[in-house]
Structures are given as structure tokens and as C-alpha cells.
Amino acid sequence: MSEQLTLYLHKLSPFSQKVEVALIEANAPYRGYQVDLGNKPEWFTSKVNPIGKVPTVTYGGPSVDPENPSPLSSKIAESNVILEFLADLYPDSGLLPKDPVSRAKVRFFIDASTKQVEGPLFDFVRGQGSYENVLKGIEFVQGLLEEGGDFAVGDHYTIADACISPLLTRLNIITETDIGQFPVGLGLKLGEELKGPKFTKFTKYADQILERPSLRRTYDKEGVIAYLKAVFVRAQ
């Protein structure tokens with residue numbers, strides 16, 4: 001019998017989503033618990049994660065009420081750290097390749113997607129970053145993709161794909177709806193530019209990942225759109 005694993009998450013958090021996607025791809029048994037980030041319970045910071053962030057995983061120990069986690073369970077935080085933990089926990093899942101070079105490529109892709117896409121894209125939506133930096137980041141990540149491949153690294157889904165998946169959903173929303181604190185129309189322009197021949201490889205990869213059942217199962221598109229509209233209200 002496998003150890004208990006509880007994922008504390010928020011359904012609209014891209015960081016929570018990447019971890020849940022990886023769990024589904026690994027066919028791992030887990031229990032998900034939604035944390036109300038607007039009214040964070042005291043027990044979450046005192047017993048699960050003192051920083052109060054999601055996602056956080058408790059692993060091992062007795063199977064208990066998620067609101068009263070056992071001190072015997074290990075508490076693991078930070079989404080990319082959890083991705084590596086899951087890949088180690090389920091080595092037969094293929095979430096990390098066996099080959100050391102391919103494993104290094106997966107880790108580099110995760111680092112690149114976090115620094116080159118996540119940061120610039122979220123800054124752009126907040127009105128704090130440039131359009132050009134988003135394109136540069138996407139172009140950088142595109143350069144890591146293999147010609148004719150379906151996945152970020154090799155011929156199997158890995159935590160590299162899980163890591164970038166929620167970013168692709170947010171990018172898709174921004175380019176479809178123009179939601180953000182950037183100048184009006186710039187999100188739509190980004191979408192049109194990504195449809196051009198320069199980004200064919202990236203767009204093909206993104207389209208395939210967006211259709212992945214694990215992503216669709218964890219993605220509340222309308223909820224994310226409503227959240228973005230509420231948070232990133234464009235100054236009039």
C-alpha cells in the first residue's frame with residue numbers, strides 16, 4: 001500500500017495546477033484539498049506550510065483529516081521542488097527520463113520556462129513588463145524544443161511539460177481575451193504574432209499540450225478568466 005499523499009492547492013493557481021497535472025500523469029493516488037487563500041485557515045500555516053503558500057504536499061504518516069495533518073508526515077513546498085519529488089517517487093512514470101543527459105535537459109527546460117516565460121508573461125499582464133520580453137522568452141523556449149517532437153524533452157511526457165502547461169493556458173487566455181494591464185490590443189497582437197511562421201514549432205507544441213487530458217481535467221478556464229478580470233483590471 002502506497003503512502004498517503006495530500007495536495008493542498010487552489011484551483012486557480014497555475015503553480016498548484018502543474019503539480020496536480022504531474023500527479024495525474026503519474027497515475028498517482030492522492031487527495032486534493034482546496035485552500036481558501038482569501039481566508040487562509042490558521043491550521044494551514046501552523047501545521048502545513050508556515051509561509052502559507054500553495055501548492056504544498058504532505059506525504060507519509062497516517063491518513064488523517066487534511067485539516068489536521070499528522071506531524072509524522074513530510075511537508076514539501078514549492079511547485080518545481082514538488083515536481084522533482086513526484087518524479088523521484090514514481091520513477092516508472094517517465095516524469096524524469098532515466099538518461100542523465102535527458103534528465104539535465106528536463107531540468108534546464110523547467111528553469112528556462114520559469115525564468116524566460118513565467119516571469120516575463122506575468123510581468124506583462126501586470127503592466128510591469130514588455131511585450132518584447134514575452135516574445136524573447138517564448139523564442140528561447142522554442143529553441144529548446146526538438147524538431148518534430150511532441151514533448152519538451154524526448155518522446156515522453158515529463159515534468160518539463162507539466163511545468164509549462166499552466167503558462168500555456170494563461171498565454172492562451174491573454175491572447176484570446178486581451179485581459180491585462182498592458183495597452184489595449186497588445187494581447188491580441190501577441191496572439192497574432194505567435195500564429196506566424198517564426199513561432200510554428202512553439203505553437204504546435206503548445207496546441208498539443210493544451211489538449212492533454214490531465215491539463216483539461218485540472219483547468220477551469222472560465223474561473224481563471226474571471227479571476228484575471230477581477231485582479232488585472234486595466235486602468236482607464
# chains A, B, ... in the order shown; residues from 1 in each chain; ligands from 1

$ closest_atom_pairs --of "range 70-143 of chain A" --to "range 219-230 of chain A" --cutoff "12 Å" --atoms "only C-alpha atoms" --output "Markdown table"
| residue | atom | partner | partner_atom | distance |
| --- | --- | --- | --- | --- |
| A:Phe122 | CA | A:Leu228 | CA | 11.1 |
| A:Val125 | CA | A:Leu228 | CA | 9.1 |
| A:Arg126 | CA | A:Leu228 | CA | 10.1 |

$ residues_around --residues "Val21 in chain A" --least-positions-apart "3" --cutoff "8 Å" --atoms "only C-alpha atoms" --output "list in words"
Gln17, Lys18, Ile24, Glu25, Ala162, Ser214, Leu215 and Thr218 of chain A

$ write_last_selection --atoms "N, CA and C atoms" --output "mmCIF file, in the first residue's frame"
data_model
loop_
_atom_site.group_PDB
_atom_site.id
_atom_site.type_symbol
_atom_site.label_atom_id
_atom_site.label_comp_id
_atom_site.auth_asym_id
_atom_site.auth_seq_id
_atom_site.Cartn_x
_atom_site.Cartn_y
_atom_site.Cartn_z
ATOM 1 N N GLN A 17 -1.695 23.851 -10.251
ATOM 2 C CA GLN A 17 -2.127 23.069 -11.407
ATOM 3 C C GLN A 17 -1.009 22.200 -11.960
ATOM 4 N N LYS A 18 0.205 22.731 -12.034
ATOM 5 C CA LYS A 18 1.296 21.937 -12.610
ATOM 6 C C LYS A 18 1.581 20.686 -11.778
ATOM 7 N N ILE A 24 -1.551 13.355 -11.938
ATOM 8 C CA ILE A 24 -2.446 12.632 -12.846
ATOM 9 C C ILE A 24 -1.637 11.867 -13.889
ATOM 10 N N GLU A 25 -0.613 12.512 -14.440
ATOM 11 C CA GLU A 25 0.226 11.851 -15.444
ATOM 12 C C GLU A 25 0.950 10.639 -14.856
ATOM 13 N N ALA A 162 4.789 19.377 -17.668
ATOM 14 C CA ALA A 162 3.876 19.764 -16.584
ATOM 15 C C ALA A 162 4.153 21.187 -16.125
ATOM 16 N N SER A 214 -4.875 15.428 -18.855
ATOM 17 C CA SER A 214 -4.519 15.830 -17.488
ATOM 18 C C SER A 214 -4.646 17.339 -17.303
ATOM 19 N N LEU A 215 -4.329 18.095 -18.328
ATOM 20 C CA LEU A 215 -4.430 19.551 -18.250
ATOM 21 C C LEU A 215 -5.888 19.988 -18.289
ATOM 22 N N THR A 218 -7.741 19.605 -15.016
ATOM 23 C CA THR A 218 -7.366 20.492 -13.907
ATOM 24 C C THR A 218 -7.555 21.971 -14.231
#

$ residues_around --residues "Phe108 in chain A" --least-positions-apart "4" --cutoff "12 Å" --atoms "only C-alpha atoms" --output "list of chain:residue names"
A:Asn80, A:Val101, A:Ser102, A:Arg103, A:Ala104, A:Ala112, A:Ser113, A:Thr114, A:Lys115, A:Gln116, A:Phe140, A:Val141, A:Leu144, A:Leu145, A:Ala152, A:Val153, A:Ile159, A:Ala160, A:Asp161, A:Cys163

$ closest_atom_pairs --of "range 80-192 of chain A" --to "range 59-66 of chain A" --cutoff "12 Å" --atoms "only C-alpha atoms" --output "Markdown table"
| residue | atom | partner | partner_atom | distance |
| --- | --- | --- | --- | --- |
| A:Ile82 | CA | A:Tyr59 | CA | 10.9 |
| A:Phe85 | CA | A:Tyr59 | CA | 10.4 |
| A:Leu86 | CA | A:Tyr59 | CA | 10.6 |
| A:Leu89 | CA | A:Tyr59 | CA | 10.5 |

$ atom_distance --atom1 "CA of Lys98 in chain A" --atom2 "CA of Leu23 in chain A"
18.7 Å

$ closest_residue --among "A:Glu20, A:Asp178, A:Asp150, A:Glu192" --to "Leu83 in chain A" --atoms "only C-alpha atoms"
A:Glu20

$ closest_residue --among "A:Ser73, A:Ala22, A:Lys136, A:Gly119" --to "Lys47 in chain A" --atoms "only C-alpha atoms"
A:Ser73

$ residues_around --residues "Thr200 in chain A" --least-positions-apart "3" --cutoff "12 Å" --atoms "only C-alpha atoms" --output "PDB file with C-alpha atoms, in the first residue's frame"
ATOM      1  CA  ILE A 138       8.950  32.184 -25.933  1.00  0.00           C
ATOM      2  CA  GLU A 139      11.581  32.185 -28.663  1.00  0.00           C
ATOM      3  CA  GLN A 142      11.079  27.265 -28.627  1.00  0.00           C
ATOM      4  CA  GLY A 143      14.786  26.819 -29.301  1.00  0.00           C
ATOM      5  CA  LEU A 145      12.112  22.034 -28.459  1.00  0.00           C
ATOM      6  CA  GLU A 147      12.161  19.232 -34.339  1.00  0.00           C
ATOM      7  CA  GLY A 148       9.138  17.018 -34.882  1.00  0.00           C
ATOM      8  CA  GLU A 192      -1.439  37.026 -33.981  1.00  0.00           C
ATOM      9  CA  GLU A 193       2.354  37.166 -33.840  1.00  0.00           C
ATOM     10  CA  LEU A 194       2.528  33.693 -32.321  1.00  0.00           C
ATOM     11  CA  LYS A 195       0.488  32.367 -35.253  1.00  0.00           C
ATOM     12  CA  GLY A 196       3.232  33.468 -37.643  1.00  0.00           C
ATOM     13  CA  PRO A 197       5.876  31.174 -39.163  1.00  0.00           C
ATOM     14  CA  THR A 203       2.585  26.864 -31.325  1.00  0.00           C
ATOM     15  CA  LYS A 204       2.434  23.236 -32.460  1.00  0.00           C
ATOM     16  CA  TYR A 205       3.863  22.101 -29.135  1.00  0.00           C
ATOM     17  CA  ALA A 206       1.527  24.364 -27.138  1.00  0.00           C
ATOM     18  CA  ASP A 207      -1.556  23.175 -29.024  1.00  0.00           C
TER      19      ASP A 207
END

$ residues_around --residues "Pro41 in chain A" --least-positions-apart "6" --cutoff "10 Å" --atoms "only C-alpha atoms" --output "JSON, numbers by chain"
{"A": [35, 52, 67]}

$ select_by_dssp --residues "range 47-98 of chain A" --states "alpha helix (DSSP H)" --output "list in words"
Lys47, Ser79, Asn80, Val81, Ile82, Leu83, Glu84, Phe85, Leu86, Ala87, Asp88 and Leu89 of chain A

$ write_last_selection --atoms "N, CA and C atoms" --output "short mmCIF file (atom, residue, chain, number, x, y, z; two decimals), in the first residue's frame"
data_model
loop_
_atom_site.label_atom_id
_atom_site.label_comp_id
_atom_site.auth_asym_id
_atom_site.auth_seq_id
_atom_site.Cartn_x
_atom_site.Cartn_y
_atom_site.Cartn_z
N LYS A 47 0.47 24.06 10.63
CA LYS A 47 0.69 22.62 10.53
C LYS A 47 1.15 22.13 9.15
N SER A 79 6.40 24.50 -6.03
CA SER A 79 5.88 23.65 -7.10
C SER A 79 6.94 22.89 -7.87
N ASN A 80 8.04 23.54 -8.22
CA ASN A 80 9.07 22.84 -9.00
C ASN A 80 9.81 21.80 -8.16
N VAL A 81 9.93 22.06 -6.86
CA VAL A 81 10.51 21.07 -5.96
C VAL A 81 9.59 19.86 -5.87
N ILE A 82 8.30 20.11 -5.78
CA ILE A 82 7.32 19.02 -5.70
C ILE A 82 7.34 18.20 -6.99
N LEU A 83 7.49 18.85 -8.14
CA LEU A 83 7.58 18.11 -9.40
C LEU A 83 8.72 17.11 -9.37
N GLU A 84 9.88 17.55 -8.91
CA GLU A 84 11.03 16.64 -8.82
C GLU A 84 10.76 15.52 -7.82
N PHE A 85 10.13 15.86 -6.71
CA PHE A 85 9.78 14.85 -5.70
C PHE A 85 8.89 13.78 -6.31
N LEU A 86 7.88 14.20 -7.06
CA LEU A 86 6.95 13.24 -7.67
C LEU A 86 7.66 12.36 -8.70
N ALA A 87 8.57 12.96 -9.46
CA ALA A 87 9.33 12.18 -10.44
C ALA A 87 10.18 11.12 -9.75
N ASP A 88 10.75 11.46 -8.60
CA ASP A 88 11.54 10.50 -7.82
C ASP A 88 10.65 9.45 -7.16
N LEU A 89 9.48 9.89 -6.72
CA LEU A 89 8.56 9.00 -6.02
C LEU A 89 7.97 7.96 -6.97
#

$ closest_residue --among "A:Val57, A:Arg212, A:Pro91, A:Glu42" --to "Ser74 in chain A" --atoms "only C-alpha atoms"
A:Val57

$ residues_around --residues "Asn133 in chain A" --least-positions-apart "4" --cutoff "9 Å" --atoms "only C-alpha atoms" --output "list of chain:residue names"
A:Gln116, A:Val117, A:Pro120, A:Leu121, A:Phe124, A:Gly129, A:Gly137, A:Ile138

$ atom_distance --atom1 "CA of Leu5 in chain A" --atom2 "CA of Ile76 in chain A"
10.6 Å

$ select_by_dssp --residues "range 16-210 of chain A" --states "strand (DSSP E)" --output "ChimeraX atom specification"
/A:31-34,56-59,74-77

$ write_last_selection --atoms "C-alpha atoms" --output "PDB file, in the first residue's frame"
ATOM      1  CA  ARG A  31      -6.133  13.547  -2.103  1.00  0.00           C
ATOM      2  CA  GLY A  32      -6.651  17.155  -3.090  1.00  0.00           C
ATOM      3  CA  TYR A  33      -7.650  19.821  -0.584  1.00  0.00           C
ATOM      4  CA  GLN A  34      -8.713  23.296  -1.691  1.00  0.00           C
ATOM      5  CA  THR A  56       2.115  22.073  -0.561  1.00  0.00           C
ATOM      6  CA  VAL A  57       2.184  18.300  -0.244  1.00  0.00           C
ATOM      7  CA  THR A  58       2.036  16.156   2.858  1.00  0.00           C
ATOM      8  CA  TYR A  59       3.485  12.703   2.333  1.00  0.00           C
ATOM      9  CA  SER A  74       6.660  15.147   5.471  1.00  0.00           C
ATOM     10  CA  LYS A  75       5.685  18.628   4.286  1.00  0.00           C
ATOM     11  CA  ILE A  76       7.008  19.578   0.838  1.00  0.00           C
ATOM     12  CA  ALA A  77       6.504  23.014  -0.731  1.00  0.00           C
TER      13      ALA A  77
END

$ atom_distance --atom1 "CA of Leu188 in chain A" --atom2 "CA of Asp123 in chain A"
16.7 Å

$ residues_around --residues "Asn68 in chain A" --least-positions-apart "6" --cutoff "10 Å" --atoms "only C-alpha atoms" --output "JSON list (two decimals) with C-alpha atoms, in the first residue's frame"
[["chain", "number", "residue", "atom", "x", "y", "z"],
["A", 43, "TRP", "CA", -4.01, 25.37, 10.85],
["A", 44, "PHE", "CA", -2.60, 25.61, 7.33],
["A", 47, "LYS", "CA", 0.69, 22.62, 10.53],
["A", 48, "VAL", "CA", 1.31, 22.51, 6.77]]

$ closest_residue --among "A:Leu72, A:Ile209, A:Leu96, A:Val134" --to "Ile174 in chain A" --atoms "only C-alpha atoms"
A:Val134
